Every structure is written in structure tokens, then in C-alpha cells.
Amino acid sequence: MTDEREVVFGSTSGGGGAGAASANMADLVNPVAGVFDDVVPEPGSPKPDPILIASNVMKTFGGLTAVDVEHLEIQRGAITALIGPNGAGKTTFFNLLTGFDDMDRGRVTLDGDVITKVPPHRLAKRGMVRTFQLTKALSRMKVIDNMKLGATPQRGESFWVSLVTSLWSGQEAEVEAKADALLDRFNMTHMRDEFAGTMSGGQRKLIEMARALMTDPKLVMLDEPMAGVNPALTQSLLGHVKGLRAEGRTVIFVEHDMDVVRDISDWVVVMAEGQIIAEGTPDHISANTDVIDAYLGKHHDSDLFDDEVVAAVLDDEVTAAALDGDDDAAAAIVRELSEEVRQEEDGP
Amino acid sequence: MDWGFIFERTMSAMIGPEAMVFALAAIGLNVHFGYAGLLNFGQVGFLAAGAYGLGMTVYWLDLNFWLGIPFGILYALVLALILGIPTLRLRADYLAIVTIAASESIRLFVRWRGNSDITGASQGINEFARPFYDLNPFVNGQFYSLGPFKYLGRDVWVLMVGWTIVMLSLLVVWQIMRSPWGRALRAIREDEDAARALGKNAYVYKVQALMIGGVIGALAGMLQVIQKSSVQPDTFNPVITFTIWAILILGGPGRVWSPVVGSMIYWSLIVFIENVLRGLPSGARDTLENTVRLSDINISQLRFMLVGLGLLLLARFRPQGIFGSREEMALDDR
Ligand SMILES: Nc1ncnc2c1ncn2[C@@H]1O[C@H](COP(=O)(O)OP(=O)(O)O)[C@@H](O)[C@H]1O
């Protein structure tokens with residue numbers, strides 16, 4: 001970390017609400033503002049400085065083509081959202097990119113190096129780290145041990161070295177200091193010595209993100225970082241995602257919720273039925289009829305509980321209430337709906 | 001009933017040869033299951049690898065007894081690789097199946113008549129441990145006692161060496177589990193994919209853990225056959241594996257000391273129950289004999305049944321074992 005970043009994050013820990021403070025901080029800096037001005041908003045469009053390039057990536061399960069991506073470039077330093085209805089192949093595509101699943105064919109490069117057959121643990125060492133849709137907090141380990149685990153490479157992780165404490169204790173102290181600094185940044189110092197299993201869903205998402213940062217990644221891949229997180233923590237999480245961009249990291253995240261996407265992403269990639277059907281800025285995507293079709297039309301039943309869809313379907317109810325001059329009632333309906341959506345996403 | 005005698009027997013069993021051998025075997029299993037989450041249902045196979053490694057070196061290869069020890073360790077490492085390499089990339093249950101099958105195959109292989117020149121078949125291997133007892137500072141056939149502890153000179157020697165090995169193994173386990181290596185291993189036990197995403201090669205860690213726990217198991221097997229001065233194929237039956245599991249669960253998996261304490265409690269209970277049953281006043285004995293047909297022959301079965309009942313109660317009221325924390329265990333289910 002550079003000094004500059006230290007200063008930026010120093011300002012977060014002092015603030016009262018974690019979410020508000022870090023969001024403000026992150027809003028100040030968008031290192032990639034304007035980068036997408038000249039990028040054509042169409043599937044497979046070239047980016048000025050791509051960090052990750054996927055070509056002809058194909059994955060089938062039995063007869064079902066889960067992923068069939070012709071070409072995708074991810075811009076360095078930007079926040080790219082990967083959206084699409086349930087079953088679109090987002091998670092499968094993530095698994096292919098991160099080495100958790102083998103592609104039938106295709107080629108992926110990270111900073112120009114082919115990473116197609118590279119196993120996940122090697123990718124982490126090359127600066128690519130991911131989180132999971134179903135959070136993987138290591139329940140029976142303390143929060144601080146969860147964090148320390150993330151540091152890589154550690155000398156004491158080799159069996160023979162581990163036998164001699166003096167060979168790793170020095171690095172261990174550095175790792176611990178780094179972990180404590182990150183916990184502070186994520187306002188979780190008070191949880192330091194608790195078991196990770198005692199934390200709430202949202203806190204687990206936070207620890208997973210913080211733990212991923214221990215690897216010093218250049219590319220962070222977040223699979224549904226907001227799923228199952230209560231609204232109070234959502235803002236804080238969004239702030240932290242913007243924080244990643246502010247310190248120069250590239251972020252790709254999977255998300256259902258268009259509001260979240262519009263709020264934090266620089267670029268949006270839309271998947272449906274395994275293919276990329278659209279790319280563009282958030283504003284461009286919200287106005288794209290193909291995307292709306294993909295969400296509303298063909299997959300009506302499968303994705304009925306997305307915020308957007310629910311809002312569209314039940315818009316009338318809200319409008320009616322609002323027309324009656326009953327703003328509170330309208331607001332209550334909206335609140336109730338988003339609550340339902342959260343629970344739905346929290347599901348199995 | 002002679003309570004003084006029963007007390008003496010119980011105390012002597014608490015740190016006796018069985019308690020020592022099973023403590024060591026359970027330390028190995030603790031590395032497998034307690035720390036790495038590996039379901040090894042064939043720990044007795046590693047004991048057999050050590051025991052036969054030692055015995056066969058003397059009997060078949062006609063080499064020095066002391067050379068048998070590295071051979072035993074080598075066999076355990078090879079066994080761990082054979083079991084681990086094909087299964088540890090797969091789901092946890094594959095290792096369980098393969099270890100059960102392998103440990104029984106080993107027993108059947110070594111007792112097979114065609115192998116009598118190599119393993120002694122069902123005769124086993126005898127008279128191989130003399131060099132060990134030649135170093136004994138005590139008189140082999142004489143009884144020594146200290147307080148309630150009373151052993152033959154040969155057993156005093158085995159126990160001194162054996163418990164030293166137990167303590168050294170505990171030291172190694174404690175050291176590696178508090179290191180970053182142990183942290184990565186526990187993370188893999190908790191969630192393999194999370195560990196892989198953070199740069200840990202889960203497969204290599206699991207193979208290493210299987211090898212380390214296997215070598216400790218092999219040391220237990222060597223001590224067992226040295227103490228008996230005889231390698232017998234049928235002592236390496238699946239019941240041994242399940243006893244080792246019972247001891248580990250009793251102590252609480254994933255804690256450094258639990259295999260030792262579990263083994264001490266298990267063997268003192270067994271001996272205590274047996275001696276109480278045998279020492280019952282004749283009126284009570286006759287009643288038991290007439291009602292539940294308890295005789296000298298099935299007393300030894302009854303004591304295992306009673307210990308089994310005790311384990312059931314433990315599972316009901318203290319599922320985390322003696323040392324485990326209930327809070328930590330509950331986290332597992334979330
Ligand atoms: N392991 C698997 N076996 C068979 N089919 C799978 C598997 N994983 C995903 N699929 C199928 O692939 C498609 C894409 O799924 P997924 O990547 O989970 O979509 P998303 O993350 O966009 O909701 C779905 O139709 C799903 O049923």
C-alpha cells in the first residue's frame with residue numbers, strides 16, 4: 001500500500017457509521033472516470049487496457065450449455081458488474097475464470113498470461129482472488145485467523161519450515177499487523193477474537209472480502225457480495241467495493257439488484273442463457289430493451305423476485321398508493337417488497 | 001471386594017502399554033480427523049504398516065532390528081500416498097471407504113499362507129525385538145512398583161520409551177498446528193474451496209496430513225508389537241480402528257491433549273469395570289450368572305458393552321468430548 005492510500009483509509013475508521021464514511025471516501029476517487037467514453041457498448045467490445053480477456057469460453061453440463069462466451073474484456077481498475085437472470089451462467093462463468101471448474105474449451109488471459117488450466121491456489125498467488133455466493137467464513141476459526149490465512153505466500157505454510165518457529169514468527173507478526181489494519185478498515189476490530197461462525201450474514205460477507213484483500217489481489221471477483229446482507233450493511237459493503245477501486249484494484253462482481261449495479265459499477269456485462277447479450281455503462285444497460293426482455297420476458301418465472309421485476313409487477317400498487325397522497329403507504333410497500341427480495345436471495 | 005487391588009490395577013492401566021499405544025495411534029488419527037477433517041477409518045492399517053515394517057525387516061530381510069524402524073515409517077508413508085493420491089481430490093467419503101478396505105486387505109494379505117516366508121502368515125513373527133530389550137536397564141522378569149503403579153521390568157522399559165515418543169509426537173503436533181501450516185490445514189477442514197481461493201493447495205496439505213498421522217500410527221504399531229514381542233496379523237483388525245476413534249471422540253478431536261486423556265480414561269475404565277465384575281462377592285456373581293449368564297468368559301465382552309454405553313451417554317450429554325468446546329461445536333452446524 002502506498003502512503004496515499006493509508007491516508008485515504010485512515011479517514012474511514014474515525015467516522016461514525018462505517019457505511020457512510022467509506023462510501024463518502026470512495027466517492028471522492030474514481031480512477032477510471034471517463035475511461036469507457038470511447039468504448040462501444042456491444043458484446044465483446046475491446047477495452048483500452050484489459051486486465052482479463054476471455055475468448056470462446058464454453059462449458060456444458062450434459063446437454064445444457066451453461067456458458068458460451070465469445071469474447072469478453074475486463075477493464076483494469078474499473079468495477080465491472082456481471083448481471084443476468086437466474087441460471088444465466090454467471091456463477092459457472094466465475095468458476096471457470098477462477099479455476100474452480102474446467103472449461104470445455106476456451107482461453108483466458110490475466111495480464112497477458114494464459115490462465116486457462118491454472119488451479120485456484122495458483123491464481124491467488126498471481127493476484128486474482130474470489131469470494132463465494134454462499135459465504136465461506138471458516139466457522140471454527142477466529143476472525144483474526146481467518147484474516148491471517150489470507151496472506152500469501154507465507155513461509156510457515158510449508159511443513160518443514162513450520163517445525164521451527166523462528167523461521168516464520170517474524171513474517172507472522174507482519175501478517176498479523178496487516179490483518180489488524182484491514183479489520184480496522186472494515187470496522188471489525190471488535191470481532192477480532194470471536195469465532196467467525198458467530199457472525200451475521202453481512203459480517204461474513206465483510207470478513208470474506210477483507211480476507212480476500214490479505215492476498216494483495218489486483219483482480220477481485222465477488223460473487224453476489226450483497227446477497228443476504230441486511231440493508232444497513234449494504235451501504236457499508238458498497239463503500240468497501242468502491243474503496244477497492246480507489247486503491248487501484250479491478251473488481252468484477254455478480255449481482256441481481258439493478259440498483260446496486262447502477263450505484264457502483266463503471267461497466268455492466270449482461271448474461272442470459274450462457275451468452276453475453278449486452279455490455280455498456282449502467283445507464284445504457286438500464287435503457288436496453290434486450291436486457292429488459294431477458295429479465296422480464298423469457299425468464300418471467302425464474303426471476304420473479306428480483307427487485308426490478310417485483311417493482312415492475314407491483315408498480316401499480318405503489319403508484320395507486322402514491323396517487324392517493326399516501327406516501328408513507330407507498331414507501332411501506334416498497335420496503336416490504338425489498339425485504340421479501342432479500343429473504344428470497346438469502347435462500348438455499 | 002479388594003478395592004486396593006482394583007485401584008492399583010486401574011491406575012496401572014491408565015498409563016499402561018495399551019493406553020500408551022492407543023494414545024499414540026489416536027494422536028495420528030487426531031491429525032487426520034481432528035485437524036484436517038480426513039475420515040480415516042483404517043488407522044489400524046498404519047499400525048500394521050509399522051509393525052510389519054519392523055517385523056519383516058528382521059524376519060524376511062534378515063536385517064538389523066533398528067533398521068526396521070525406518071522401514072516401518074517408510075511403509076506408512078507409502079501407504080498414505082497409495083490411499084491419499086487417488087482419493088483426496090474427491091469428496092471426503094472416498095477416503096473413508098478406501099481406508100476401511102485397505103486396512104482389511106493388509107490384514108488378509110499378511111496372514112495369507114503364500115506369504116509365510118515374508119510375513120509369517122498366521123503364525124506371525126516372533127522373537128524379533130531382543131535388541132530392544134538388550135538395552136533395558138531394568139530386569140525384564142522382575143516386578144517394579146511405584147505407589148499404585150506396578151509393572152514388569154520389560155514393560156517399564158517399553159513404557160518409558162513409549163511415553164517419551166508420545167510426548168515428542170504431542171510436541172510436534174502442537175508445533176505444526178500453531179504454525180501457519182496448521183492454520184491452512186484447519187481452514188481446509190472448515191472449507192476447502194475457501195482455502196483454495198486464498199492460495200492454499202488443499203490437496204497437498206491433505207496428503208501431508210495423511211502421511212504425518214500415518215507415521216504416528218506406524219510408531220504406535222511398532223510399540224505394540226515390541227511390547228508383545230510378537231507380530232500377529234489378527235491383532236490388526238477393524239475393532240482397533242474403532243477403538244482409536246472412540247478414544248479420540250472421548251477426548252474431543254482437534255485438541256492436542258485429547259488423544260492421551262481419552263486413551264487413559266478409556267483403558268482405566270475397561271480395567272476398572274473388568275476388575276469390579278471379577279471381584280464381585282460370590283452371592284452377586286451367582287445372581288448375575290443365573291439371570292444374565294455372566295461368566296468369566298463374557299465379562300470381557302460386557303466391559304466393552306458398558307464402555308460403549310458410556311460413549312453413547314457422552315454423545316448425548318457432552319458431544320464435544322472431554323476437551324472440546326460446545327460453543328465451537330455448535331458453530332459447525334450453522
Ligand atoms: N454442476 C452443475 N451440473 C449441472 N448443471 C449445472 C451445474 N452448475 C450449473 N448448472 C446449470 O448451468 C446453468 C447456469 O447456472 P449458474 O451459473 O448457476 O447461473 P447463475 O449464476 O447465472 O444463476 C443453470 O441452468 C444451471 O442449472
# chains A, B, ... in the order shown; residues from 1 in each chain; ligands from 1
>>> interface_residues(of="chain B", to="chain A", cutoff="9 Å", atoms="only C-alpha atoms", output="JSON, numbers by chain")
{"B": [172, 175, 176, 177, 178, 179, 180, 181, 182, 183, 184, 186, 187, 188, 189, 190, 191, 193, 194, 195, 196, 197, 198, 199, 200, 201, 202, 205, 208, 328, 329, 330, 331, 332, 334]}
>>> residues_around(residues="B:His32", least_positions_apart="6", cutoff="7 Å", atoms="only C-alpha atoms", output="compact mmCIF listing (two decimals) with N, CA and C atoms, in the first residue's frame")
# COMPACT_ATOMS: atom_id res chain seq x y z
N LEU B 38 -10.03 -35.37 7.78
CA LEU B 38 -9.99 -36.56 6.92
C LEU B 38 -10.65 -37.74 7.64
N ASN B 40 -10.47 -41.11 8.17
CA ASN B 40 -9.66 -42.32 8.03
C ASN B 40 -10.26 -43.42 8.90
N ALA B 209 -1.01 -34.31 5.66
CA ALA B 209 -1.62 -34.66 6.94
C ALA B 209 -1.82 -36.17 7.04
N LEU B 210 -2.22 -36.79 5.93
CA LEU B 210 -2.42 -38.24 5.96
C LEU B 210 -1.08 -38.94 6.25
N GLY B 213 -0.04 -38.26 10.15
CA GLY B 213 -0.85 -39.07 11.06
C GLY B 213 -0.57 -40.56 10.86
>>> closest_residue(among="A:Asp68, A:Asp266, A:Asp259, A:Asp38", to="ligand 1", atoms="only C-alpha atoms and all ligand atoms")
A:Asp68
>>> select_by_dssp(residues="stretch 110-186 of chain A", states="alpha helix (DSSP H)", output="ChimeraX atom specification")
/A:120-125,143-150,159-162,165-185
>>> residues_near_ligand(ligand="ligand 1", cutoff="6 Å", atoms="only C-alpha atoms and all ligand atoms", output="PyMOL selection string")
chain A and resi 61+66+86-92
>>> write_last_selection(atoms="all heavy atoms", output="PDB file, in the first residue's frame")
ATOM      1  N   PHE A  61     -23.042 -28.756 -19.299  1.00  0.00           N
ATOM      2  CA  PHE A  61     -23.360 -29.801 -18.318  1.00  0.00           C
ATOM      3  C   PHE A  61     -24.320 -30.756 -19.002  1.00  0.00           C
ATOM      4  O   PHE A  61     -25.476 -30.399 -19.217  1.00  0.00           O
ATOM      5  CB  PHE A  61     -24.030 -29.216 -17.070  1.00  0.00           C
ATOM      6  CG  PHE A  61     -23.119 -28.349 -16.248  1.00  0.00           C
ATOM      7  CD1 PHE A  61     -23.315 -26.984 -16.162  1.00  0.00           C
ATOM      8  CD2 PHE A  61     -22.069 -28.925 -15.544  1.00  0.00           C
ATOM      9  CE1 PHE A  61     -22.473 -26.204 -15.397  1.00  0.00           C
ATOM     10  CE2 PHE A  61     -21.224 -28.143 -14.773  1.00  0.00           C
ATOM     11  CZ  PHE A  61     -21.423 -26.783 -14.703  1.00  0.00           C
ATOM     12  N   ALA A  66     -24.058 -24.184 -20.339  1.00  0.00           N
ATOM     13  CA  ALA A  66     -24.171 -23.251 -19.217  1.00  0.00           C
ATOM     14  C   ALA A  66     -23.472 -21.939 -19.547  1.00  0.00           C
ATOM     15  O   ALA A  66     -23.936 -20.870 -19.170  1.00  0.00           O
ATOM     16  CB  ALA A  66     -23.576 -23.868 -17.954  1.00  0.00           C
ATOM     17  N   ASN A  86     -31.468 -15.557 -13.106  1.00  0.00           N
ATOM     18  CA  ASN A  86     -31.018 -16.825 -12.530  1.00  0.00           C
ATOM     19  C   ASN A  86     -30.814 -17.858 -13.619  1.00  0.00           C
ATOM     20  O   ASN A  86     -31.603 -17.942 -14.550  1.00  0.00           O
ATOM     21  CB  ASN A  86     -32.069 -17.370 -11.551  1.00  0.00           C
ATOM     22  CG  ASN A  86     -31.944 -16.711 -10.207  1.00  0.00           C
ATOM     23  OD1 ASN A  86     -30.852 -16.260  -9.830  1.00  0.00           O
ATOM     24  ND2 ASN A  86     -33.045 -16.632  -9.501  1.00  0.00           N
ATOM     25  N   GLY A  87     -29.743 -18.628 -13.495  1.00  0.00           N
ATOM     26  CA  GLY A  87     -29.482 -19.671 -14.476  1.00  0.00           C
ATOM     27  C   GLY A  87     -28.807 -19.162 -15.732  1.00  0.00           C
ATOM     28  O   GLY A  87     -28.597 -19.910 -16.673  1.00  0.00           O
ATOM     29  N   ALA A  88     -28.410 -17.889 -15.736  1.00  0.00           N
ATOM     30  CA  ALA A  88     -27.783 -17.315 -16.926  1.00  0.00           C
ATOM     31  C   ALA A  88     -26.376 -17.843 -17.123  1.00  0.00           C
ATOM     32  O   ALA A  88     -25.812 -17.726 -18.206  1.00  0.00           O
ATOM     33  CB  ALA A  88     -27.758 -15.794 -16.819  1.00  0.00           C
ATOM     34  N   GLY A  89     -25.795 -18.409 -16.071  1.00  0.00           N
ATOM     35  CA  GLY A  89     -24.441 -18.943 -16.185  1.00  0.00           C
ATOM     36  C   GLY A  89     -23.386 -18.064 -15.537  1.00  0.00           C
ATOM     37  O   GLY A  89     -22.194 -18.282 -15.730  1.00  0.00           O
ATOM     38  N   LYS A  90     -23.816 -17.105 -14.730  1.00  0.00           N
ATOM     39  CA  LYS A  90     -22.861 -16.170 -14.126  1.00  0.00           C
ATOM     40  C   LYS A  90     -21.895 -16.889 -13.190  1.00  0.00           C
ATOM     41  O   LYS A  90     -20.677 -16.728 -13.280  1.00  0.00           O
ATOM     42  CB  LYS A  90     -23.607 -15.069 -13.352  1.00  0.00           C
ATOM     43  CG  LYS A  90     -24.634 -14.316 -14.185  1.00  0.00           C
ATOM     44  CD  LYS A  90     -25.306 -13.230 -13.389  1.00  0.00           C
ATOM     45  CE  LYS A  90     -26.163 -13.732 -12.239  1.00  0.00           C
ATOM     46  NZ  LYS A  90     -27.395 -14.427 -12.644  1.00  0.00           N
ATOM     47  N   THR A  91     -22.471 -17.697 -12.285  1.00  0.00           N
ATOM     48  CA  THR A  91     -21.619 -18.387 -11.319  1.00  0.00           C
ATOM     49  C   THR A  91     -20.709 -19.388 -12.018  1.00  0.00           C
ATOM     50  O   THR A  91     -19.527 -19.493 -11.700  1.00  0.00           O
ATOM     51  CB  THR A  91     -22.495 -19.092 -10.272  1.00  0.00           C
ATOM     52  OG1 THR A  91     -23.216 -18.093  -9.563  1.00  0.00           O
ATOM     53  CG2 THR A  91     -21.661 -19.903  -9.301  1.00  0.00           C
ATOM     54  N   THR A  92     -21.253 -20.091 -12.998  1.00  0.00           N
ATOM     55  CA  THR A  92     -20.431 -21.043 -13.748  1.00  0.00           C
ATOM     56  C   THR A  92     -19.285 -20.321 -14.442  1.00  0.00           C
ATOM     57  O   THR A  92     -18.135 -20.768 -14.402  1.00  0.00           O
ATOM     58  CB  THR A  92     -21.291 -21.786 -14.783  1.00  0.00           C
ATOM     59  OG1 THR A  92     -22.432 -22.324 -14.119  1.00  0.00           O
ATOM     60  CG2 THR A  92     -20.518 -22.904 -15.446  1.00  0.00           C
TER      61      THR A  92
END
>>> closest_residue(among="B:Val292, B:Leu314, B:Ile97, B:Val231", to="B:Gly55", atoms="only C-alpha atoms")
B:Val231
>>> closest_residue(among="B:Trp3, B:Trp60, B:Trp163, B:Tyr52", to="B:Val110", atoms="only C-alpha atoms")
B:Tyr52
>>> residues_around(residues="A:Val254", least_positions_apart="2", cutoff="7 Å", atoms="only C-alpha atoms", output="ChimeraX atom specification")
/A:81-83,90,222-224
>>> atom_distance(atom1="atom CA of A:Ala272", atom2="atom CA of A:Gly84")
5.7 Å
>>> residues_around(residues="B:Ile216", least_positions_apart="3", cutoff="9 Å", atoms="only C-alpha atoms", output="mmCIF file with N, CA and C atoms, in the first residue's frame")
data_model
loop_
_atom_site.group_PDB
_atom_site.id
_atom_site.type_symbol
_atom_site.label_atom_id
_atom_site.label_comp_id
_atom_site.auth_asym_id
_atom_site.auth_seq_id
_atom_site.Cartn_x
_atom_site.Cartn_y
_atom_site.Cartn_z
ATOM 1 N N LEU B 24 -1.002 -42.993 21.212
ATOM 2 C CA LEU B 24 -0.184 -42.621 20.058
ATOM 3 C C LEU B 24 -0.971 -42.793 18.753
ATOM 4 N N ALA B 25 -1.670 -43.926 18.644
ATOM 5 C CA ALA B 25 -2.471 -44.150 17.432
ATOM 6 C C ALA B 25 -3.530 -43.061 17.282
ATOM 7 N N ALA B 26 -4.110 -42.625 18.419
ATOM 8 C CA ALA B 26 -5.147 -41.601 18.362
ATOM 9 C C ALA B 26 -4.556 -40.224 18.068
ATOM 10 N N ILE B 27 -3.306 -39.986 18.463
ATOM 11 C CA ILE B 27 -2.657 -38.720 18.090
ATOM 12 C C ILE B 27 -2.566 -38.638 16.564
ATOM 13 N N GLY B 28 -2.235 -39.774 15.952
ATOM 14 C CA GLY B 28 -2.189 -39.810 14.486
ATOM 15 C C GLY B 28 -3.560 -39.548 13.885
ATOM 16 N N LEU B 29 -4.577 -40.208 14.435
ATOM 17 C CA LEU B 29 -5.932 -40.016 13.918
ATOM 18 C C LEU B 29 -6.403 -38.576 14.151
ATOM 19 N N PHE B 46 -2.227 -48.393 9.297
ATOM 20 C CA PHE B 46 -0.943 -47.734 9.534
ATOM 21 C C PHE B 46 -0.192 -48.412 10.677
ATOM 22 N N LEU B 47 -0.952 -48.875 11.696
ATOM 23 C CA LEU B 47 -0.296 -49.627 12.776
ATOM 24 C C LEU B 47 0.351 -50.882 12.210
ATOM 25 N N ILE B 73 8.383 -46.754 9.061
ATOM 26 C CA ILE B 73 7.958 -45.395 8.729
ATOM 27 C C ILE B 73 7.755 -45.271 7.218
ATOM 28 N N ALA B 76 4.538 -46.796 6.086
ATOM 29 C CA ALA B 76 3.387 -45.944 6.412
ATOM 30 C C ALA B 76 3.276 -44.793 5.416
ATOM 31 N N VAL B 166 5.313 -40.657 22.750
ATOM 32 C CA VAL B 166 4.012 -39.982 22.785
ATOM 33 C C VAL B 166 4.213 -38.487 23.015
ATOM 34 N N SER B 169 5.613 -36.763 20.018
ATOM 35 C CA SER B 169 4.591 -36.604 18.980
ATOM 36 C C SER B 169 3.656 -35.452 19.317
ATOM 37 N N MET B 211 -0.010 -38.417 5.677
ATOM 38 C CA MET B 211 1.300 -39.026 5.887
ATOM 39 C C MET B 211 1.757 -38.853 7.342
ATOM 40 N N ILE B 212 1.593 -37.666 7.878
ATOM 41 C CA ILE B 212 2.064 -37.416 9.247
ATOM 42 C C ILE B 212 1.293 -38.280 10.240
ATOM 43 N N GLY B 213 -0.045 -38.259 10.152
ATOM 44 C CA GLY B 213 -0.849 -39.075 11.062
ATOM 45 C C GLY B 213 -0.573 -40.555 10.865
ATOM 46 N N LEU B 219 4.262 -45.715 14.329
ATOM 47 C CA LEU B 219 5.053 -45.779 15.562
ATOM 48 C C LEU B 219 4.267 -46.522 16.640
ATOM 49 N N ALA B 220 2.951 -46.258 16.705
ATOM 50 C CA ALA B 220 2.108 -46.960 17.674
ATOM 51 C C ALA B 220 2.127 -48.460 17.393
ATOM 52 N N GLY B 221 2.050 -48.822 16.119
ATOM 53 C CA GLY B 221 2.074 -50.240 15.761
ATOM 54 C C GLY B 221 3.391 -50.897 16.157
#
>>> closest_residue(among="A:Ala294, A:Leu96, A:Thr109, A:Leu237", to="A:Glu273", atoms="only C-alpha atoms")
A:Ala294
>>> closest_residue(among="A:Val29, A:Asp101, A:Ala278, A:Val220", to="A:Leu52", atoms="only C-alpha atoms")
A:Val220
>>> select_by_dssp(residues="stretch 125-333 of chain B", states="strand (DSSP E)", output="list of chain:residue names")
B:Ile125, B:Asn126, B:Phe143, B:Tyr144, B:Ser145, B:Leu146, B:Phe149, B:Lys150, B:Tyr151, B:Leu152, B:Ser230, B:Val231
>>> closest_residue(among="A:Val143, A:Ala78, A:Val260, A:Val114", to="A:Leu244", atoms="only C-alpha atoms")
A:Ala78
>>> residues_around(residues="B:Leu108", least_positions_apart="5", cutoff="9 Å", atoms="only C-alpha atoms", output="list of chain:residue names")
B:Ser103, B:Pro233, B:Asp234
